[in-house]
$ cat entry15.cif   # mmCIF, C-alpha atoms and all ligand atoms
data_query
loop_
_atom_site.group_PDB
_atom_site.id
_atom_site.type_symbol
_atom_site.label_atom_id
_atom_site.label_comp_id
_atom_site.auth_asym_id
_atom_site.auth_seq_id
_atom_site.Cartn_x
_atom_site.Cartn_y
_atom_site.Cartn_z
ATOM 1 C CA MET A 1 129.166 154.867 71.287
ATOM 2 C CA GLU A 2 130.215 153.037 74.428
ATOM 3 C CA LEU A 3 129.240 149.375 74.467
ATOM 4 C CA VAL A 4 127.605 148.189 77.694
ATOM 5 C CA LYS A 5 128.644 144.656 78.656
ATOM 6 C CA TRP A 6 125.700 142.267 78.785
ATOM 7 C CA ARG A 7 124.986 141.488 82.402
ATOM 8 C CA TYR A 8 122.362 139.154 83.761
ATOM 9 C CA ARG A 9 121.111 141.836 86.095
ATOM 10 C CA ASN A 10 121.316 144.684 83.657
ATOM 11 C CA PRO A 11 118.097 146.642 84.305
ATOM 12 C CA TYR A 12 117.454 146.647 80.566
ATOM 13 C CA HIS A 13 117.482 142.864 80.477
ATOM 14 C CA ASP A 14 116.155 141.908 83.891
ATOM 15 C CA ARG A 15 112.696 140.707 83.051
ATOM 16 C CA ARG A 16 112.304 138.155 85.775
ATOM 17 C CA HIS A 17 108.522 138.197 85.758
ATOM 18 C CA GLU A 18 107.842 138.796 82.103
ATOM 19 C CA ARG A 19 106.522 136.279 79.628
ATOM 20 C CA GLU A 20 109.697 136.221 77.606
ATOM 21 C CA ARG A 21 113.319 136.261 78.746
ATOM 22 C CA MET A 22 116.606 136.344 76.924
ATOM 23 C CA PHE A 23 119.787 134.698 78.185
ATOM 24 C CA VAL A 24 123.238 135.214 76.743
ATOM 25 C CA ILE A 25 125.366 132.226 77.651
ATOM 26 C CA GLY A 26 128.777 132.068 76.018
ATOM 27 C CA PRO A 27 128.191 132.293 72.265
ATOM 28 C CA HIS A 28 124.518 131.329 72.623
ATOM 29 C CA THR A 29 121.469 133.544 72.916
ATOM 30 C CA VAL A 30 118.470 131.648 74.243
ATOM 31 C CA VAL A 31 114.971 133.126 74.346
ATOM 32 C CA LEU A 32 112.495 131.447 76.669
ATOM 33 C CA ASP A 33 108.848 131.718 77.615
ATOM 34 C CA GLN A 34 107.804 131.966 81.222
ATOM 35 C CA GLN A 35 104.314 131.547 82.648
ATOM 36 C CA PRO A 36 104.472 134.043 85.495
ATOM 37 C CA SER A 37 100.711 134.273 85.859
ATOM 38 C CA GLU A 38 100.475 130.787 87.351
ATOM 39 C CA ASP A 39 100.038 130.655 91.108
ATOM 40 C CA ILE A 40 103.711 130.198 92.002
ATOM 41 C CA SER A 41 105.122 129.243 95.404
ATOM 42 C CA LEU A 42 108.066 127.109 96.508
ATOM 43 C CA HIS A 43 105.820 124.069 96.183
ATOM 44 C CA GLN A 44 103.784 124.627 93.048
ATOM 45 C CA ASN A 45 104.321 125.800 89.494
ATOM 46 C CA THR A 46 107.951 126.595 90.300
ATOM 47 C CA GLY A 47 109.191 125.401 86.927
ATOM 48 C CA PHE A 48 107.205 128.004 84.985
ATOM 49 C CA LEU A 49 109.771 130.664 85.933
ATOM 50 C CA ILE A 50 113.485 130.462 85.165
ATOM 51 C CA TRP A 51 115.326 130.531 88.460
ATOM 52 C CA ASP A 52 118.670 132.279 88.863
ATOM 53 C CA GLY A 53 120.173 128.886 89.702
ATOM 54 C CA GLY A 54 119.063 127.641 86.274
ATOM 55 C CA TYR A 55 120.915 130.488 84.605
ATOM 56 C CA LEU A 56 123.968 129.816 86.812
ATOM 57 C CA MET A 57 123.914 126.133 85.880
ATOM 58 C CA ALA A 58 123.594 126.843 82.149
ATOM 59 C CA LYS A 59 126.538 129.248 82.335
ATOM 60 C CA PHE A 60 128.620 126.836 84.433
ATOM 61 C CA LEU A 61 127.890 124.054 81.935
ATOM 62 C CA ALA A 62 128.930 126.210 78.980
ATOM 63 C CA GLU A 63 132.118 127.466 80.644
ATOM 64 C CA ARG A 64 133.318 124.535 82.738
ATOM 65 C CA VAL A 65 131.845 121.193 81.644
ATOM 66 C CA HIS A 66 132.979 119.445 78.481
ATOM 67 C CA VAL A 67 129.724 117.890 77.262
ATOM 68 C CA THR A 68 130.659 117.610 73.576
ATOM 69 C CA GLY A 69 129.791 114.102 72.392
ATOM 70 C CA LYS A 70 128.399 113.164 75.819
ATOM 71 C CA SER A 71 124.944 112.302 77.149
ATOM 72 C CA CYS A 72 123.235 114.703 79.551
ATOM 73 C CA LEU A 73 120.140 114.481 81.723
ATOM 74 C CA GLU A 74 118.422 117.459 83.340
ATOM 75 C CA LEU A 75 116.234 116.806 86.395
ATOM 76 C CA GLY A 76 113.430 119.230 87.291
ATOM 77 C CA ALA A 77 114.179 121.072 84.057
ATOM 78 C CA GLY A 78 111.290 123.589 84.114
ATOM 79 C CA SER A 79 111.997 125.710 81.032
ATOM 80 C CA ALA A 80 114.807 123.304 79.930
ATOM 81 C CA LEU A 81 117.361 126.140 79.699
ATOM 82 C CA VAL A 82 120.192 123.870 80.857
ATOM 83 C CA SER A 83 119.203 121.146 78.375
ATOM 84 C CA ILE A 84 119.104 123.652 75.525
ATOM 85 C CA VAL A 85 122.589 124.897 76.371
ATOM 86 C CA ALA A 86 123.865 121.298 76.690
ATOM 87 C CA HIS A 87 122.658 120.637 73.149
ATOM 88 C CA LEU A 88 124.151 123.890 71.843
ATOM 89 C CA GLN A 89 127.463 122.914 73.450
ATOM 90 C CA GLY A 90 127.547 119.719 71.388
ATOM 91 C CA ALA A 91 126.163 117.005 73.675
ATOM 92 C CA ASN A 92 125.181 114.000 71.564
ATOM 93 C CA ARG A 93 122.145 113.115 73.661
ATOM 94 C CA VAL A 94 120.157 115.417 75.949
ATOM 95 C CA VAL A 95 117.153 114.369 78.021
ATOM 96 C CA ALA A 96 115.051 117.098 79.677
ATOM 97 C CA THR A 97 112.763 115.795 82.416
ATOM 98 C CA ASP A 98 110.125 117.186 84.719
ATOM 99 C CA LEU A 99 106.650 116.427 86.044
ATOM 100 C CA SER A 100 103.763 115.880 83.600
ATOM 101 C CA GLU A 101 102.466 119.454 83.794
ATOM 102 C CA TYR A 102 105.737 120.827 82.319
ATOM 103 C CA GLN A 103 105.929 118.665 79.198
ATOM 104 C CA GLN A 104 104.323 121.233 76.883
ATOM 105 C CA PHE A 105 106.236 124.098 78.488
ATOM 106 C CA MET A 106 109.567 122.334 77.958
ATOM 107 C CA ARG A 107 108.620 121.440 74.386
ATOM 108 C CA ARG A 108 107.669 125.007 73.528
ATOM 109 C CA ASN A 109 110.920 126.413 74.879
ATOM 110 C CA ILE A 110 113.049 123.756 73.231
ATOM 111 C CA GLU A 111 111.352 124.314 69.860
ATOM 112 C CA ARG A 112 111.940 128.059 70.131
ATOM 113 C CA ASN A 113 115.676 127.526 70.287
ATOM 114 C CA VAL A 114 116.816 124.261 68.730
ATOM 115 C CA PRO A 115 115.439 121.619 66.326
ATOM 116 C CA SER A 116 112.662 119.804 68.171
ATOM 117 C CA GLN A 117 114.170 116.343 67.801
ATOM 118 C CA SER A 118 117.508 117.337 69.288
ATOM 119 C CA ILE A 119 116.366 117.036 72.908
ATOM 120 C CA GLU A 120 114.311 114.186 74.378
ATOM 121 C CA ILE A 121 111.486 115.430 76.570
ATOM 122 C CA ARG A 122 110.368 113.018 79.253
ATOM 123 C CA GLU A 123 108.084 112.941 82.216
ATOM 124 C CA LEU A 124 110.016 111.892 85.293
ATOM 125 C CA THR A 125 109.009 112.009 88.929
ATOM 126 C CA TRP A 126 112.109 111.460 91.046
ATOM 127 C CA GLY A 127 112.313 108.014 92.554
ATOM 128 C CA SER A 128 110.044 106.477 89.934
ATOM 129 C CA GLU A 129 111.158 104.221 87.115
ATOM 130 C CA ALA A 130 114.050 105.889 85.290
ATOM 131 C CA SER A 131 115.628 102.838 83.661
ATOM 132 C CA GLU A 132 114.147 103.739 80.242
ATOM 133 C CA ILE A 133 116.479 106.725 80.183
ATOM 134 C CA GLY A 134 119.529 104.480 80.510
ATOM 135 C CA LYS A 135 122.898 105.589 81.852
ATOM 136 C CA VAL A 136 124.123 109.105 81.106
ATOM 137 C CA ASP A 137 127.481 110.854 81.387
ATOM 138 C CA PHE A 138 126.220 114.038 83.077
ATOM 139 C CA VAL A 139 123.258 114.928 85.270
ATOM 140 C CA PHE A 140 122.281 118.532 86.015
ATOM 141 C CA GLY A 141 119.861 119.775 88.665
ATOM 142 C CA SER A 142 119.349 123.462 89.410
ATOM 143 C CA GLU A 143 117.273 124.704 92.320
ATOM 144 C CA ILE A 144 115.818 121.321 93.191
ATOM 145 C CA LEU A 145 117.481 120.541 96.539
ATOM 146 C CA TYR A 146 115.246 122.795 98.637
ATOM 147 C CA LEU A 147 112.719 119.953 98.583
ATOM 148 C CA ALA A 148 114.377 118.019 101.417
ATOM 149 C CA ASN A 149 111.627 115.401 101.498
ATOM 150 C CA GLN A 150 112.601 114.507 97.911
ATOM 151 C CA HIS A 151 116.320 113.879 98.560
ATOM 152 C CA GLN A 152 115.920 110.127 98.926
ATOM 153 C CA ALA A 153 113.877 109.923 95.711
ATOM 154 C CA LEU A 154 116.418 112.044 93.836
ATOM 155 C CA LEU A 155 119.245 109.732 94.901
ATOM 156 C CA THR A 156 117.237 106.711 93.763
ATOM 157 C CA THR A 157 116.951 108.344 90.338
ATOM 158 C CA LEU A 158 120.674 109.134 90.289
ATOM 159 C CA GLN A 159 121.509 105.517 91.118
ATOM 160 C CA ALA A 160 119.410 104.431 88.125
ATOM 161 C CA VAL A 161 121.012 106.766 85.580
ATOM 162 C CA MET A 162 124.659 107.110 86.659
ATOM 163 C CA HIS A 163 127.522 104.790 85.786
ATOM 164 C CA THR A 164 130.818 104.903 87.642
ATOM 165 C CA LYS A 165 132.195 107.677 85.429
ATOM 166 C CA SER A 166 129.053 109.835 85.391
ATOM 167 C CA VAL A 167 129.181 113.215 87.072
ATOM 168 C CA ALA A 168 126.167 115.019 88.524
ATOM 169 C CA TYR A 169 126.090 118.744 89.295
ATOM 170 C CA PHE A 170 123.613 120.517 91.544
ATOM 171 C CA ILE A 171 123.267 124.237 92.171
ATOM 172 C CA TYR A 172 121.104 125.496 94.986
ATOM 173 C CA LYS A 173 120.546 128.611 96.997
ATOM 174 C CA GLU A 174 120.663 128.098 100.731
ATOM 175 C CA ARG A 175 117.156 128.879 101.959
ATOM 176 C CA GLY A 176 117.293 127.120 105.326
ATOM 177 C CA LEU A 177 115.060 124.326 104.036
ATOM 178 C CA GLY A 178 117.461 121.446 104.681
ATOM 179 C CA GLU A 179 119.306 121.692 101.362
ATOM 180 C CA HIS A 180 122.633 120.669 102.953
ATOM 181 C CA GLN A 181 121.189 117.366 104.216
ATOM 182 C CA PHE A 182 121.382 116.115 100.653
ATOM 183 C CA THR A 183 125.172 115.858 100.907
ATOM 184 C CA ASP A 184 125.172 113.552 103.952
ATOM 185 C CA LEU A 185 122.453 111.331 102.553
ATOM 186 C CA ALA A 186 124.255 111.094 99.211
ATOM 187 C CA GLN A 187 127.450 109.957 100.947
ATOM 188 C CA GLN A 188 125.513 107.317 102.873
ATOM 189 C CA LYS A 189 124.072 106.037 99.591
ATOM 190 C CA GLY A 190 127.448 105.509 97.943
ATOM 191 C CA PHE A 191 128.120 108.852 96.255
ATOM 192 C CA ARG A 192 131.322 110.850 96.482
ATOM 193 C CA VAL A 193 130.378 114.479 97.024
ATOM 194 C CA ARG A 194 132.586 117.500 96.402
ATOM 195 C CA ARG A 195 131.666 121.079 97.144
ATOM 196 C CA LEU A 196 133.020 123.213 94.316
ATOM 197 C CA PRO A 197 134.051 126.843 94.838
ATOM 198 C CA GLN A 198 131.395 129.459 94.307
ATOM 199 C CA SER A 199 133.946 131.344 92.213
ATOM 200 C CA LEU A 200 133.160 128.877 89.406
ATOM 201 C CA LEU A 201 129.758 130.554 89.101
ATOM 202 C CA ASP A 202 128.874 133.957 87.690
ATOM 203 C CA ASP A 203 130.534 136.606 89.860
ATOM 204 C CA GLU A 204 127.355 138.698 89.798
ATOM 205 C CA PHE A 205 126.066 136.209 92.390
ATOM 206 C CA ILE A 206 129.140 136.084 94.630
ATOM 207 C CA THR A 207 127.365 137.784 97.554
ATOM 208 C CA GLU A 208 124.466 135.342 97.520
ATOM 209 C CA PRO A 209 124.460 131.906 99.172
ATOM 210 C CA TYR A 210 124.607 129.770 96.031
ATOM 211 C CA HIS A 211 126.236 126.358 96.318
ATOM 212 C CA LEU A 212 127.604 124.060 93.651
ATOM 213 C CA ILE A 213 128.138 120.381 94.371
ATOM 214 C CA GLN A 214 129.463 117.541 92.292
ATOM 215 C CA LEU A 215 128.465 113.910 92.799
ATOM 216 C CA MET A 216 129.969 110.709 91.483
ATOM 217 C CA TYR A 217 128.395 107.337 92.088
ATOM 218 C CA ILE A 218 131.183 105.209 93.472
ATOM 219 C CA LYS A 219 129.278 102.269 94.886
ATOM 220 C CA THR A 220 127.213 100.515 92.206
ATOM 221 C CA SER A 221 123.996 98.958 93.441
ATOM 222 C CA LYS A 222 124.024 95.223 94.150
HETATM 223 C C1 LIG B 1 112.445 125.615 91.532
HETATM 224 S S1 LIG B 1 112.045 124.785 90.072
HETATM 225 C C2 LIG B 1 113.591 124.856 89.191
HETATM 226 C C3 LIG B 1 113.374 124.772 87.716
HETATM 227 C C4 LIG B 1 114.662 124.871 86.891
HETATM 228 N N1 LIG B 1 115.568 123.796 87.227
HETATM 229 C C5 LIG B 1 115.339 126.207 87.085
HETATM 230 O O1 LIG B 1 116.403 126.251 87.736
HETATM 231 O O2 LIG B 1 114.826 127.210 86.574
HETATM 232 C C6 LIG B 1 111.965 123.074 90.640
HETATM 233 C C7 LIG B 1 111.615 122.080 89.554
HETATM 234 O O3 LIG B 1 111.623 120.755 90.114
HETATM 235 C C8 LIG B 1 110.493 120.051 89.639
HETATM 236 N N2 LIG B 1 110.087 119.019 90.611
HETATM 237 C C9 LIG B 1 109.630 119.231 91.863
HETATM 238 N N3 LIG B 1 109.356 118.053 92.467
HETATM 239 C C10 LIG B 1 109.645 117.087 91.563
HETATM 240 C C11 LIG B 1 109.586 115.648 91.598
HETATM 241 N N4 LIG B 1 109.149 115.005 92.691
HETATM 242 N N5 LIG B 1 109.966 114.968 90.495
HETATM 243 C C12 LIG B 1 110.406 115.634 89.401
HETATM 244 N N6 LIG B 1 110.494 116.980 89.294
HETATM 245 C C13 LIG B 1 110.106 117.699 90.371
HETATM 246 C C14 LIG B 1 109.432 121.120 89.485
HETATM 247 O O4 LIG B 1 108.398 120.701 88.629
HETATM 248 C C15 LIG B 1 110.241 122.297 88.958
HETATM 249 O O5 LIG B 1 110.327 122.319 87.561
#
$ encode --input "entry15.cif" --output "structure tokens" --more "lines below"
Ligand SMILES: C[S@@+](CC[C@H](N)C(=O)[O-])C[C@H]1O[C@@H](n2cnc3c(N)ncnc32)[C@H](O)[C@@H]1O
Amino acid sequence: MELVKWRYRNPYHDRRHERERMFVIGPHTVVLDQQPSEDISLHQNTGFLIWDGGYLMAKFLAERVHVTGKSCLELGAGSALVSIVAHLQGANRVVATDLSEYQQFMRRNIERNVPSQSIEIRELTWGSEASEIGKVDFVFGSEILYLANQHQALLTTLQAVMHTKSVAYFIYKERGLGEHQFTDLAQQKGFRVRRLPQSLLDDEFITEPYHLIQLMYIKTSK
């Protein structure tokens, strides 16, 4: 029998709007709930579906980022797929954050895949008090830059949680909603920004306008 390579967009696996989805990321198989029945638009209930950018970030993390023994923070985690993969890759501390309405959703998905205590679940609205989290080595944010009016708040959160050796990664799809403005604002606020090649992401998405950026916080706040 011929073996068919697992592909993200394999019609037998593509269950974008179903209640349960399976992701194969490196050696890990992660099964997640979605809540597709919620009224979902770009501005509400977005985290109840797993976005392609979330899958791309989880795969990038597993293949390209050495998180073993490091601390990781996920912003706008939704299902917490990236946090789950960070834990499976050996991170020693993982914090999954999102708005209050996603706390149970994150918990359920985390408990489906890893021991419940292995990932901290926290409510975090960008720009609000993040000092309780402390400094982390890596920050991940997938599909959260389309909210251009939140860029300033996001950078405030990054300033609170990044030390001078921390690295933050963002993946976003260009939707013409001002996503690119984040880069200029980040530079003004003391971050060094690098655009990484799209070839570092899953080649199934090479024809789509996905962007990967890396931030380091060079200028510490006074
Ligand atoms: C498009 S979803 C992406 C979810 C997940 N990262 C993924 O890739 O599947 C955007 C996420 O950002 C979160 N979010 C939006 N505004 C936020 C804010 N002001 N503070 C914290 N999280 C926010 C939403 O709750 C949602 O989970």
$ atom_distance --input "entry15.cif" --atom1 "CA of Ala91 in chain A" --atom2 "CA of His66 in chain A"
8.7 Å
$ closest_residue --input "entry15.cif" --among "A:Cys72, A:Val24, A:Met162, A:Ala80" --to "Phe48 in chain A" --atoms "only C-alpha atoms"
A:Ala80
$ closest_atom_pairs --input "entry15.cif" --of "chain A" --to "ligand LIG 1 (chain B)" --cutoff "6 Å" --atoms "all atoms listed in the file" --output "Markdown table"
| residue | atom | partner | partner_atom | distance |
| --- | --- | --- | --- | --- |
| A:Thr46 | CA | B:LIG1 | S1 | 4.5 |
| A:Gly47 | CA | B:LIG1 | O5 | 3.3 |
| A:Ile50 | CA | B:LIG1 | O2 | 3.8 |
| A:Trp51 | CA | B:LIG1 | O2 | 3.9 |
| A:Gly53 | CA | B:LIG1 | O1 | 5.0 |
| A:Gly54 | CA | B:LIG1 | O1 | 3.3 |
| A:Gly76 | CA | B:LIG1 | O3 | 3.7 |
| A:Ala77 | CA | B:LIG1 | N1 | 4.4 |
| A:Gly78 | CA | B:LIG1 | O5 | 3.8 |
| A:Asp98 | CA | B:LIG1 | N6 | 4.6 |
| A:Leu99 | CA | B:LIG1 | N6 | 5.1 |
| A:Leu124 | CA | B:LIG1 | C12 | 5.6 |
| A:Thr125 | CA | B:LIG1 | N5 | 3.5 |
| A:Trp126 | CA | B:LIG1 | N5 | 4.1 |
| A:Ser142 | CA | B:LIG1 | N1 | 4.4 |
| A:Glu143 | CA | B:LIG1 | C2 | 4.8 |
| A:Ile144 | CA | B:LIG1 | C6 | 4.9 |
$ atom_distance --input "entry15.cif" --atom1 "CA of Leu147 in chain A" --atom2 "CA of Gln198 in chain A"
21.4 Å
$ closest_atom_pairs --input "entry15.cif" --of "range 110-179 of chain A" --to "range 28-42 of chain A" --cutoff "10 Å" --atoms "only C-alpha atoms" --output "CSV"
residue,atom,partner,partner_atom,distance
A:Ile110,CA,A:Leu32,CA,8.4
A:Glu111,CA,A:Leu32,CA,9.9
A:Arg112,CA,A:Val31,CA,7.3
A:Asn113,CA,A:Val30,CA,6.4
A:Val114,CA,A:Val30,CA,9.4
A:Tyr146,CA,A:Leu42,CA,8.6
A:Leu147,CA,A:Leu42,CA,8.8
$ residues_around --input "entry15.cif" --residues "Ser128 in chain A" --least-positions-apart "5" --cutoff "9 Å" --atoms "only C-alpha atoms" --output "mmCIF file with C-alpha atoms, in the frame of the given file"
data_model
loop_
_atom_site.group_PDB
_atom_site.id
_atom_site.type_symbol
_atom_site.label_atom_id
_atom_site.label_comp_id
_atom_site.auth_asym_id
_atom_site.auth_seq_id
_atom_site.Cartn_x
_atom_site.Cartn_y
_atom_site.Cartn_z
ATOM 1 C CA ALA A 153 113.877 109.923 95.711
ATOM 2 C CA THR A 156 117.237 106.711 93.763
ATOM 3 C CA THR A 157 116.951 108.344 90.338
#
$ closest_residue --input "entry15.cif" --among "A:Gln188, A:Asn10, A:Asn149, A:Ser71" --to "Glu120 in chain A" --atoms "only C-alpha atoms"
A:Ser71
